[in-house]
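Structure, as structure tokens:
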Amino acid sequence: MPSEKKISSASDCISFMQAGCELKKVRPNSRIYNRFFTLDTDLQALRWEPSKKDLEKAKLDISAIKEIRLGKNTETFRNNGLADQICEDCAFSILHGENYESLDLVANSADVANIWVSGLRYLVSRSKQPLDFMEGNQNTPRFMWLKTVFEAADVDGNGIMLEDTSVELIKQLNPTLKESKIRLKFKEIQKSKEKLTTRVTEEEFCEAFCELCTRPEVYFLLVQISKNKEYLDANDLMLFLEAEQGVTHITEDMCLDIIRRYELSEEGRQKGFLAIDGFTQYLLSPECNIFDPEQNKVAQDMTQPLSHYYINASHNTYLIEDQYRGPADINGYVRALKMGCRSIELDVNDGSDNEPILCNRNNTTTHLSFRSVIEVINKFAFVASEYPLILCLGNHCSLPQQKVMVQQMKKVFGSKLYTEAPLLSESYLPSPEKLKRMIIVKGKKLPSDTDVLEGEVTDEDEEAEMSRRMSVDYNGEQKQILLCRELSDLVSICKSVQYRDFELSMKSQNYWEICSFSETEASRIANEYPEDFVNYNKKFLSRIYPSAMRIDSSNLNPQDFWNCGCQIVAMNFQTPGPMMDLHTGWFLQNGGCGYVLRPSIMRDEVSYFSANTKGIVPGVSPLVLHIKIISGQNFPKPKGACAKGDVIDPYVCIEIHGIPADCSEQRTKTVQQNSDNPIFDETFEFQVNLPELAMIRFVVLDDDYIGDEFIGQYTIPFECLQPGYRHVPLRSFVGDVMEHVTLFVHIAITNRSGGGKPQKRSLSVRMGKKVRECTMLRNVGLKTIDDIFKIAAHPLREAVDMRENMQNAIVSVKELCGLPPIASLKQCLLTLSSRLITSDNTPSVSLVMKDSFPYLEPLGAIPDMQKKMLAAYDLMIQESRYLIEMADTVQEKIVQCQKAGMEFHEELHNLGAKEGLKGRKLNKATESFAWNITVLKGQGDLLKNAKNEAIENMKQIQLACLSCGLSKAPSSGAEVKSKRGLEAIEEKESCEDNGKL
């Protein structure tokens, strides 16, 4: 950006273009030339030099321009051998002439590209109107509003006020601005006018406000979506919300309500338009937060077994400092429970006066009475969540004090204690829904087949046990303690048992028994037996606790164990940092209730999933996440930084956490010496193979730090991302939301070929070799079973081809429209309509519904360019129609093969033994069988989703055609017919859904 002045209006863009700048001119032959481009003073033509052509030929008339595209969205860019080296956000193209020839250019920054695109679009849209904006900005709605603000504060009515009053007035309008910056701006303005005074005129006030409060990136966006006006009306806002923000069922009244709530001027509220300041306020509001509001409440199925959920868990809950010297503190429980924690720890020891206590084993000088702790737990247990709370009881008490514990728990918790004996007829734990507002005790239990009142059990002190195992004189025997029957009886569905190995566990472990693993042991198992760990966790709860070596109470990486399906990964809540950020971010979803449903591939009885998977997951559609980091707002100086100035050099890191194949990190460039509104304008792409397990962490850092570089971060589950232009509310190192500190980003999620994401599960298309392999069935090695799976090969291929063909057709339409892969079909139709309207403002095509599908038919002779576009559109409709009509038949074939295969599930080991398979060969056959079932289920689901997406696309296309005027205006019958067609699609979809209920 020009450092001396921000772009805050169309005239600023025009002035910049008239001064000119160097742009790279890209040719189809892979050559790139540096040229100096300027806009004529009369605003009639664009010129460049040097050129071999004479001056009158090295120009482009503004009147010949048809369209301006931002990004690499022309044939020249797509086919240029150097295109990969060109930044998407710095590229733009000017389409001109009847044949839509392109002049393809690259600016030296995204900001400069935005200035040229905004300025040119403004000129083209105003080409038939007098260009009066060069006379100044005095008559714009924004200036009229600022004048009324100034006049209301100018009590003397002299048109001038004290600088102090002006500074206070601007701070009221924009609380994020620093007073010193406002005063400096007034001095700059006055110096440019060769005057120096402590009084401010109305004109100076307006100029200072516009330069200080206009975010150029928001201005460029406003101009783009308002079709080059400097305000949005209700119609503009509706299109923005539908096509860009992914909002459905939006109405004009809803848009007018947004305008009334966010527009600052009285005139704008009355006339129904949103100017730059109101639009900025709206984008900063909770309505444009990146976090999906649906996830602010419980949105997942809570009726599945407890083992099917990740559970928010705390380690050493009684500590608020490290585990080596930290004192026990009651606030540890208050904090954890308020944060939605559903599994807390109580290490109980003998106290004086027969009163059990909780204390840090390394610091016994401070302790808490057991009774006070459970009273606090009872008070806060269900404040943040009404789903079950697990008490992990570390019992180190004598028998008399154990009995005191039991009496106190029964008295304090009363009927909340869950003590029902597990049913032998069941195979899985009860659901969180069934256990609402219940407190579950996890601990050791005496054998139920004896009537003894007390007995020996292994000690539950995990850290002490690990220390013993690591000592030189460890002989393999576990320490034993005495347990009383009363305390044993409080333990029902979370009986602690020792893990031996998976083979033994799968044969003899009861579903109500839970194993605890140290971080070290769990890491070893995850590396050696990743598939077995996932399968084990389908039925049993497993709890992971940090290594005893973490004496500073640092945290393990929970993602490593979530990838294995481990439900209870205990975290040191008192220790902030990246690992705790991941944990906190993960449990923001599902209403912050502390329970998150695991991916279906990790829950299904027969499925193949490895925690160490390095590529595409069978039966799951990989998605592409497109993130544009646009700008930052009000970044503070790093808290731990040593003495230096207030200026920072920020940059942004984007981290993807998930299965190993998804983990990656990219960063933006550094913006020098700008903390208020650094502009990054950089786009990144990440392939996400298992979206349900992925998280995105935005981290803002200072490149010019001494001591500390951390500015802020925000971590969000992939499934909670909202598409479009969003603000990310940054959190401090300890996890607190920082007021007014945000990142402005654009989010889009597509499948591999660029198809949009109208639903949570999109499609994977244009598959490379690896993706294709994940739809291929494996040879089990048992003829009876392999013969069944062979039948599925053809319908699987059909399913993949149908999805792929439909998405390729959609991509072709996007490319011909000059839109990027992240564009929606609504945006495609808006672009198409602008080219299918003739010079006398009538459409050259008409929407015609055939069997409920929206076709476009020419109303006469049309140019070749339009013919090409209509051919691509027709192919998209045909491929979508074929998929909609054939999907059920093909899916049914896939499902039948899956069911036929599953009939052999129970007999698999016996069949293998008959065929002589044993050991590794039998394990391989079992693994291949699970792989095949996973592929069949996954591909069947993807095809079903593809059909739903295609139906939704047809409805969106029809609505877009109607709103864009691509229907015969004189004939009301055509409109009625179109509406009937839309109803038919909706009715057809409704009938299909009802038929499957």
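How things are named: the first chain in the structure tokens is A, the next is B, and so on; residues count from 1 in each chain; ligands count from 1 in the order shown.
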Alpha helix (DSSP H) call set, DSSP backbone run, region 476-566 of chain A, as number ranges by chain: A: 485-490, 502-508, 519-528, 530-536, 558-562
Those in region 426-616 of chain A with strand (DSSP E or B) from DSSP, as a PyMOL selection string: chain A and resi 439-443+454-458+480-484+491-497+513-518+542-545+568-571+595-597
Neighbour list for Asp111 (chain A) as a PyMOL selection string, cut-off 10 Å, only C-alpha atoms, skip fewer than 5 positions in-chain: chain A and resi 1-2+7+89-90+116-117+216-217+220+679-681
Let me see the file: selected residues, N, CA and C atoms, as a compact mmCIF listing (two decimals), in the first residue's frame.
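This went into result-v3.txt:
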```
# COMPACT_ATOMS: atom_id res chain seq x y z
N MET A 1 0.85 -1.20 0.00
CA MET A 1 0.00 0.00 0.00
C MET A 1 0.88 1.24 0.00
N PRO A 2 0.42 2.34 -0.66
CA PRO A 2 1.16 3.60 -0.55
C PRO A 2 1.24 3.97 0.94
N ILE A 7 -5.96 3.66 1.13
CA ILE A 7 -7.04 3.71 0.14
C ILE A 7 -8.36 3.66 0.90
N ASP A 89 -2.97 -13.97 -5.29
CA ASP A 89 -3.57 -12.73 -4.83
C ASP A 89 -2.99 -11.48 -5.50
N CYS A 90 -1.87 -11.66 -6.24
CA CYS A 90 -1.26 -10.51 -6.95
C CYS A 90 -1.67 -10.47 -8.42
N TRP A 116 -5.97 -1.70 -8.49
CA TRP A 116 -6.26 -1.69 -9.93
C TRP A 116 -7.62 -2.34 -10.22
N VAL A 117 -7.89 -3.48 -9.58
CA VAL A 117 -9.16 -4.16 -9.83
C VAL A 117 -10.33 -3.30 -9.39
N PRO A 216 -8.57 -0.78 4.26
CA PRO A 216 -8.61 -0.90 2.79
C PRO A 216 -9.12 -2.25 2.31
N GLU A 217 -8.78 -3.33 3.05
CA GLU A 217 -9.22 -4.66 2.61
C GLU A 217 -10.73 -4.80 2.71
N PHE A 220 -12.17 -2.69 -0.32
CA PHE A 220 -12.11 -3.44 -1.58
C PHE A 220 -13.23 -4.47 -1.65
N ILE A 679 -1.55 -5.83 6.67
CA ILE A 679 -2.19 -6.52 5.54
C ILE A 679 -1.27 -7.65 5.07
N PHE A 680 -1.78 -8.89 5.09
CA PHE A 680 -1.00 -10.04 4.67
C PHE A 680 -1.40 -10.48 3.26
N ASP A 681 -2.70 -10.61 3.01
CA ASP A 681 -3.21 -10.99 1.69
C ASP A 681 -2.48 -12.18 1.09
```
Atom-to-atom span, CA of Gly712 (chain A) and CA of Ile654 (chain A), Å: 12.3 Å
Distance query Asp874 (chain A) at most 12 Å, only C-alpha atoms, self and fewer than 2 positions along chain excluded, as JSON, numbers by chain: {"A": [806, 809, 810, 812, 813, 847, 848, 853, 854, 855, 856, 857, 858, 867, 868, 869, 870, 871, 872, 876, 877, 878, 879, 880, 881]}
Selected residues, N, CA, C and O atoms, written as a compact mmCIF listing (two decimals), in the first residue's frame, please.
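Here's the written file selection07.txt:
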```txt
# COMPACT_ATOMS: atom_id res chain seq x y z
N MET A 806 -19.43 -35.46 -12.55
CA MET A 806 -20.24 -34.30 -12.16
C MET A 806 -19.34 -33.16 -11.69
O MET A 806 -19.51 -32.01 -12.10
N ALA A 809 -17.42 -31.49 -14.49
CA ALA A 809 -18.30 -30.61 -15.27
C ALA A 809 -18.51 -29.28 -14.54
O ALA A 809 -18.54 -28.21 -15.17
N ILE A 810 -18.66 -29.33 -13.23
CA ILE A 810 -18.82 -28.10 -12.44
C ILE A 810 -17.56 -27.24 -12.54
O ILE A 810 -17.63 -26.02 -12.71
N SER A 812 -15.41 -27.16 -14.97
CA SER A 812 -15.32 -26.57 -16.32
C SER A 812 -16.16 -25.29 -16.40
O SER A 812 -15.74 -24.29 -16.99
N VAL A 813 -17.35 -25.31 -15.81
CA VAL A 813 -18.20 -24.12 -15.80
C VAL A 813 -17.51 -23.00 -15.04
O VAL A 813 -17.49 -21.84 -15.47
N LEU A 847 -34.41 -19.60 -18.99
CA LEU A 847 -34.48 -20.78 -18.13
C LEU A 847 -35.68 -21.63 -18.54
O LEU A 847 -36.81 -21.14 -18.59
N VAL A 848 -35.43 -22.90 -18.81
CA VAL A 848 -36.50 -23.82 -19.17
C VAL A 848 -36.37 -25.06 -18.29
O VAL A 848 -35.31 -25.68 -18.23
N PHE A 853 -35.37 -30.21 -14.11
CA PHE A 853 -33.97 -29.79 -14.21
C PHE A 853 -33.87 -28.47 -14.97
O PHE A 853 -34.54 -28.28 -15.99
N PRO A 854 -33.01 -27.54 -14.48
CA PRO A 854 -32.94 -26.19 -15.06
C PRO A 854 -32.00 -26.10 -16.26
O PRO A 854 -30.77 -26.06 -16.10
N TYR A 855 -32.56 -26.06 -17.45
CA TYR A 855 -31.76 -25.89 -18.66
C TYR A 855 -31.82 -24.43 -19.11
O TYR A 855 -32.78 -23.71 -18.81
N LEU A 856 -30.78 -24.01 -19.87
CA LEU A 856 -30.76 -22.66 -20.45
C LEU A 856 -30.81 -22.80 -21.96
O LEU A 856 -29.95 -23.46 -22.56
N GLU A 857 -31.83 -22.18 -22.59
CA GLU A 857 -31.98 -22.28 -24.04
C GLU A 857 -31.81 -20.90 -24.68
O GLU A 857 -32.36 -19.91 -24.18
N PRO A 858 -31.04 -20.82 -25.81
CA PRO A 858 -30.83 -19.54 -26.49
C PRO A 858 -32.15 -18.99 -27.03
O PRO A 858 -33.04 -19.73 -27.45
N LYS A 867 -21.89 -19.74 -26.76
CA LYS A 867 -22.17 -21.15 -27.10
C LYS A 867 -21.30 -22.09 -26.26
O LYS A 867 -21.77 -23.12 -25.76
N LYS A 868 -20.03 -21.72 -26.13
CA LYS A 868 -19.09 -22.55 -25.37
C LYS A 868 -19.52 -22.63 -23.90
O LYS A 868 -19.49 -23.69 -23.29
N MET A 869 -19.94 -21.50 -23.37
CA MET A 869 -20.37 -21.47 -21.97
C MET A 869 -21.64 -22.29 -21.77
O MET A 869 -21.76 -23.04 -20.79
N LEU A 870 -22.59 -22.16 -22.70
CA LEU A 870 -23.84 -22.92 -22.57
C LEU A 870 -23.61 -24.42 -22.72
O LEU A 870 -24.27 -25.22 -22.06
N ALA A 871 -22.64 -24.80 -23.57
CA ALA A 871 -22.32 -26.22 -23.74
C ALA A 871 -21.78 -26.80 -22.42
O ALA A 871 -22.15 -27.90 -22.01
N ALA A 872 -20.91 -26.03 -21.75
CA ALA A 872 -20.36 -26.47 -20.45
C ALA A 872 -21.46 -26.54 -19.40
O ALA A 872 -21.51 -27.48 -18.59
N MET A 876 -22.88 -29.91 -17.34
CA MET A 876 -23.00 -29.95 -15.88
C MET A 876 -24.38 -30.44 -15.46
O MET A 876 -24.51 -31.28 -14.55
N ILE A 877 -25.43 -29.95 -16.13
CA ILE A 877 -26.79 -30.37 -15.80
C ILE A 877 -26.98 -31.85 -16.14
O ILE A 877 -27.56 -32.61 -15.35
N GLN A 878 -26.45 -32.28 -17.29
CA GLN A 878 -26.60 -33.69 -17.70
C GLN A 878 -25.91 -34.64 -16.72
O GLN A 878 -26.48 -35.66 -16.32
N GLU A 879 -24.68 -34.29 -16.33
CA GLU A 879 -23.94 -35.16 -15.40
C GLU A 879 -24.63 -35.18 -14.03
O GLU A 879 -24.69 -36.23 -13.37
N SER A 880 -25.14 -34.04 -13.61
CA SER A 880 -25.84 -33.98 -12.32
C SER A 880 -27.12 -34.80 -12.39
O SER A 880 -27.46 -35.54 -11.45
N ARG A 881 -27.81 -34.68 -13.49
CA ARG A 881 -29.08 -35.42 -13.67
C ARG A 881 -28.82 -36.92 -13.67
O ARG A 881 -29.55 -37.68 -13.01
```
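Residues in contact range of Thr613 (chain A), defined as at most 8 Å between only C-alpha atoms, with sequence neighbours fewer than 2 positions away removed, read Phe609, Ser610, Ala611, Gly615, Ile616, Val617, Ile659, Pro660 and Ala661 of chain A.
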Save the residues we just selected, N, CA, C and O atoms, as an mmCIF file, in the first residue's frame?
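See again-v5.cif below for the written result:
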```
data_model
loop_
_atom_site.group_PDB
_atom_site.id
_atom_site.type_symbol
_atom_site.label_atom_id
_atom_site.label_comp_id
_atom_site.auth_asym_id
_atom_site.auth_seq_id
_atom_site.Cartn_x
_atom_site.Cartn_y
_atom_site.Cartn_z
ATOM 1 N N PHE A 609 -9.041 -48.628 10.231
ATOM 2 C CA PHE A 609 -8.427 -47.313 10.409
ATOM 3 C C PHE A 609 -7.154 -47.478 11.225
ATOM 4 O O PHE A 609 -7.148 -48.153 12.255
ATOM 5 N N SER A 610 -6.080 -46.859 10.756
ATOM 6 C CA SER A 610 -4.818 -46.886 11.475
ATOM 7 C C SER A 610 -4.474 -45.474 11.922
ATOM 8 O O SER A 610 -4.540 -44.526 11.130
ATOM 9 N N ALA A 611 -4.095 -45.335 13.186
ATOM 10 C CA ALA A 611 -3.733 -44.017 13.711
ATOM 11 C C ALA A 611 -2.507 -43.453 13.012
ATOM 12 O O ALA A 611 -2.279 -42.243 13.030
ATOM 13 N N GLY A 615 -1.757 -41.374 4.521
ATOM 14 C CA GLY A 615 -2.411 -40.936 3.288
ATOM 15 C C GLY A 615 -3.910 -40.876 3.438
ATOM 16 O O GLY A 615 -4.434 -40.610 4.520
ATOM 17 N N ILE A 616 -4.600 -41.143 2.342
ATOM 18 C CA ILE A 616 -6.048 -41.018 2.305
ATOM 19 C C ILE A 616 -6.698 -42.161 3.072
ATOM 20 O O ILE A 616 -6.260 -43.304 3.016
ATOM 21 N N VAL A 617 -7.749 -41.842 3.805
ATOM 22 C CA VAL A 617 -8.447 -42.822 4.636
ATOM 23 C C VAL A 617 -9.526 -43.501 3.786
ATOM 24 O O VAL A 617 -10.314 -42.816 3.139
ATOM 25 N N ILE A 659 -4.618 -36.486 11.800
ATOM 26 C CA ILE A 659 -3.849 -37.703 11.536
ATOM 27 C C ILE A 659 -2.523 -37.288 10.887
ATOM 28 O O ILE A 659 -2.416 -36.182 10.340
ATOM 29 N N PRO A 660 -1.484 -38.134 10.939
ATOM 30 C CA PRO A 660 -0.174 -37.738 10.405
ATOM 31 C C PRO A 660 -0.225 -37.181 8.987
ATOM 32 O O PRO A 660 0.505 -36.239 8.668
ATOM 33 N N ALA A 661 -1.091 -37.744 8.141
ATOM 34 C CA ALA A 661 -1.169 -37.268 6.749
ATOM 35 C C ALA A 661 -1.654 -35.835 6.652
ATOM 36 O O ALA A 661 -1.405 -35.157 5.646
#
```
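Between CA of Met161 (chain A) and CA of Thr197 (chain A) there is a distance of 10.8 Å.
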Residue neighbourhood Leu588 (chain A), 10 Å, only C-alpha atoms, exclusion window fewer than 6 positions, as an mmCIF file with all heavy atoms, in the first residue's frame:
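Saved result, result06.cif, follows:
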```cif
data_model
loop_
_atom_site.group_PDB
_atom_site.id
_atom_site.type_symbol
_atom_site.label_atom_id
_atom_site.label_comp_id
_atom_site.auth_asym_id
_atom_site.auth_seq_id
_atom_site.Cartn_x
_atom_site.Cartn_y
_atom_site.Cartn_z
ATOM 1 N N PHE A 291 -16.404 -19.301 14.005
ATOM 2 C CA PHE A 291 -16.932 -20.503 14.665
ATOM 3 C C PHE A 291 -18.412 -20.687 14.335
ATOM 4 O O PHE A 291 -19.211 -19.768 14.484
ATOM 5 C CB PHE A 291 -16.748 -20.381 16.185
ATOM 6 C CG PHE A 291 -16.988 -21.652 16.938
ATOM 7 C CD1 PHE A 291 -15.981 -22.593 17.083
ATOM 8 C CD2 PHE A 291 -18.221 -21.917 17.518
ATOM 9 C CE1 PHE A 291 -16.197 -23.776 17.784
ATOM 10 C CE2 PHE A 291 -18.452 -23.090 18.217
ATOM 11 C CZ PHE A 291 -17.430 -24.022 18.349
ATOM 12 N N GLN A 295 -22.543 -25.075 16.579
ATOM 13 C CA GLN A 295 -21.732 -25.835 17.524
ATOM 14 C C GLN A 295 -21.670 -25.181 18.905
ATOM 15 O O GLN A 295 -20.992 -25.678 19.803
ATOM 16 C CB GLN A 295 -20.308 -26.005 16.968
ATOM 17 C CG GLN A 295 -20.217 -26.946 15.782
ATOM 18 C CD GLN A 295 -20.406 -28.401 16.161
ATOM 19 O OE1 GLN A 295 -20.240 -28.777 17.296
ATOM 20 N NE2 GLN A 295 -20.756 -29.231 15.185
ATOM 21 N N ASN A 296 -22.380 -24.061 19.065
ATOM 22 C CA ASN A 296 -22.462 -23.441 20.392
ATOM 23 C C ASN A 296 -23.447 -24.181 21.295
ATOM 24 O O ASN A 296 -23.531 -23.899 22.479
ATOM 25 C CB ASN A 296 -22.864 -21.967 20.274
ATOM 26 C CG ASN A 296 -21.704 -21.116 19.796
ATOM 27 O OD1 ASN A 296 -20.556 -21.378 20.142
ATOM 28 N ND2 ASN A 296 -21.991 -20.109 18.988
ATOM 29 N N LYS A 297 -24.194 -25.087 20.689
ATOM 30 C CA LYS A 297 -25.093 -25.936 21.491
ATOM 31 C C LYS A 297 -24.793 -27.390 21.168
ATOM 32 O O LYS A 297 -24.065 -27.685 20.208
ATOM 33 C CB LYS A 297 -26.561 -25.604 21.179
ATOM 34 C CG LYS A 297 -26.956 -25.699 19.712
ATOM 35 C CD LYS A 297 -28.403 -25.307 19.531
ATOM 36 C CE LYS A 297 -28.862 -25.465 18.088
ATOM 37 N NZ LYS A 297 -28.301 -24.470 17.174
ATOM 38 N N MET A 339 -14.679 -25.098 32.691
ATOM 39 C CA MET A 339 -14.194 -25.262 31.314
ATOM 40 C C MET A 339 -14.784 -26.502 30.653
ATOM 41 O O MET A 339 -14.349 -26.899 29.576
ATOM 42 C CB MET A 339 -12.667 -25.336 31.292
ATOM 43 C CG MET A 339 -11.980 -24.013 31.604
ATOM 44 S SD MET A 339 -10.181 -24.159 31.709
ATOM 45 C CE MET A 339 -9.749 -24.518 30.000
ATOM 46 N N GLY A 340 -15.770 -27.119 31.308
ATOM 47 C CA GLY A 340 -16.453 -28.263 30.687
ATOM 48 C C GLY A 340 -15.753 -29.582 30.896
ATOM 49 O O GLY A 340 -16.075 -30.566 30.219
ATOM 50 N N GLY A 594 -18.176 -31.155 26.788
ATOM 51 C CA GLY A 594 -17.150 -32.071 27.286
ATOM 52 C C GLY A 594 -17.142 -33.436 26.631
ATOM 53 O O GLY A 594 -16.291 -34.271 26.947
ATOM 54 N N TYR A 595 -18.097 -33.679 25.729
ATOM 55 C CA TYR A 595 -18.165 -34.954 24.998
ATOM 56 C C TYR A 595 -18.206 -34.653 23.498
ATOM 57 O O TYR A 595 -19.036 -33.862 23.046
ATOM 58 C CB TYR A 595 -19.405 -35.751 25.394
ATOM 59 C CG TYR A 595 -19.296 -36.399 26.757
ATOM 60 C CD1 TYR A 595 -19.567 -35.674 27.915
ATOM 61 C CD2 TYR A 595 -18.900 -37.726 26.887
ATOM 62 C CE1 TYR A 595 -19.447 -36.254 29.180
ATOM 63 C CE2 TYR A 595 -18.780 -38.322 28.147
ATOM 64 C CZ TYR A 595 -19.056 -37.580 29.281
ATOM 65 O OH TYR A 595 -18.925 -38.154 30.513
ATOM 66 N N VAL A 596 -17.296 -35.281 22.751
ATOM 67 C CA VAL A 596 -17.247 -35.097 21.297
ATOM 68 C C VAL A 596 -17.294 -36.471 20.645
ATOM 69 O O VAL A 596 -16.454 -37.340 20.941
ATOM 70 C CB VAL A 596 -15.971 -34.344 20.867
ATOM 71 C CG1 VAL A 596 -15.846 -34.323 19.348
ATOM 72 C CG2 VAL A 596 -15.971 -32.916 21.425
ATOM 73 N N THR A 715 -7.567 -21.727 18.145
ATOM 74 C CA THR A 715 -7.627 -23.112 17.670
ATOM 75 C C THR A 715 -9.084 -23.525 17.501
ATOM 76 O O THR A 715 -9.899 -23.306 18.396
ATOM 77 C CB THR A 715 -6.930 -24.051 18.667
ATOM 78 O OG1 THR A 715 -5.613 -23.548 18.935
ATOM 79 C CG2 THR A 715 -6.831 -25.464 18.112
ATOM 80 N N ILE A 716 -9.394 -24.107 16.340
ATOM 81 C CA ILE A 716 -10.791 -24.439 16.023
ATOM 82 C C ILE A 716 -10.857 -25.787 15.310
ATOM 83 O O ILE A 716 -10.039 -26.076 14.422
ATOM 84 C CB ILE A 716 -11.414 -23.314 15.149
ATOM 85 C CG1 ILE A 716 -12.874 -23.640 14.787
ATOM 86 C CG2 ILE A 716 -10.594 -23.050 13.893
ATOM 87 C CD1 ILE A 716 -13.595 -22.484 14.094
ATOM 88 N N PRO A 717 -11.806 -26.654 15.680
ATOM 89 C CA PRO A 717 -11.983 -27.909 14.935
ATOM 90 C C PRO A 717 -12.410 -27.627 13.492
ATOM 91 O O PRO A 717 -13.170 -26.678 13.236
ATOM 92 C CB PRO A 717 -13.107 -28.626 15.706
ATOM 93 C CG PRO A 717 -13.136 -27.984 17.062
ATOM 94 C CD PRO A 717 -12.716 -26.567 16.842
ATOM 95 N N CYS A 720 -16.025 -27.048 12.673
ATOM 96 C CA CYS A 720 -16.690 -25.845 13.199
ATOM 97 C C CYS A 720 -16.407 -24.604 12.355
ATOM 98 O O CYS A 720 -16.873 -23.507 12.688
ATOM 99 C CB CYS A 720 -16.243 -25.579 14.639
ATOM 100 S SG CYS A 720 -16.709 -26.885 15.780
#
```
Residue contacts of Thr176 (chain A) (12 Å, only C-alpha atoms) excluding same-chain residues fewer than 6 positions away, as a PyMOL selection string: chain A and resi 170+182+212-213+633-636+675-677+739-742
Among the residues A:Thr750, A:Gln713, A:Ala83, A:Gln281, the one that comes closest to Val737 (chain A) [using only C-alpha atoms]: A:Gln713
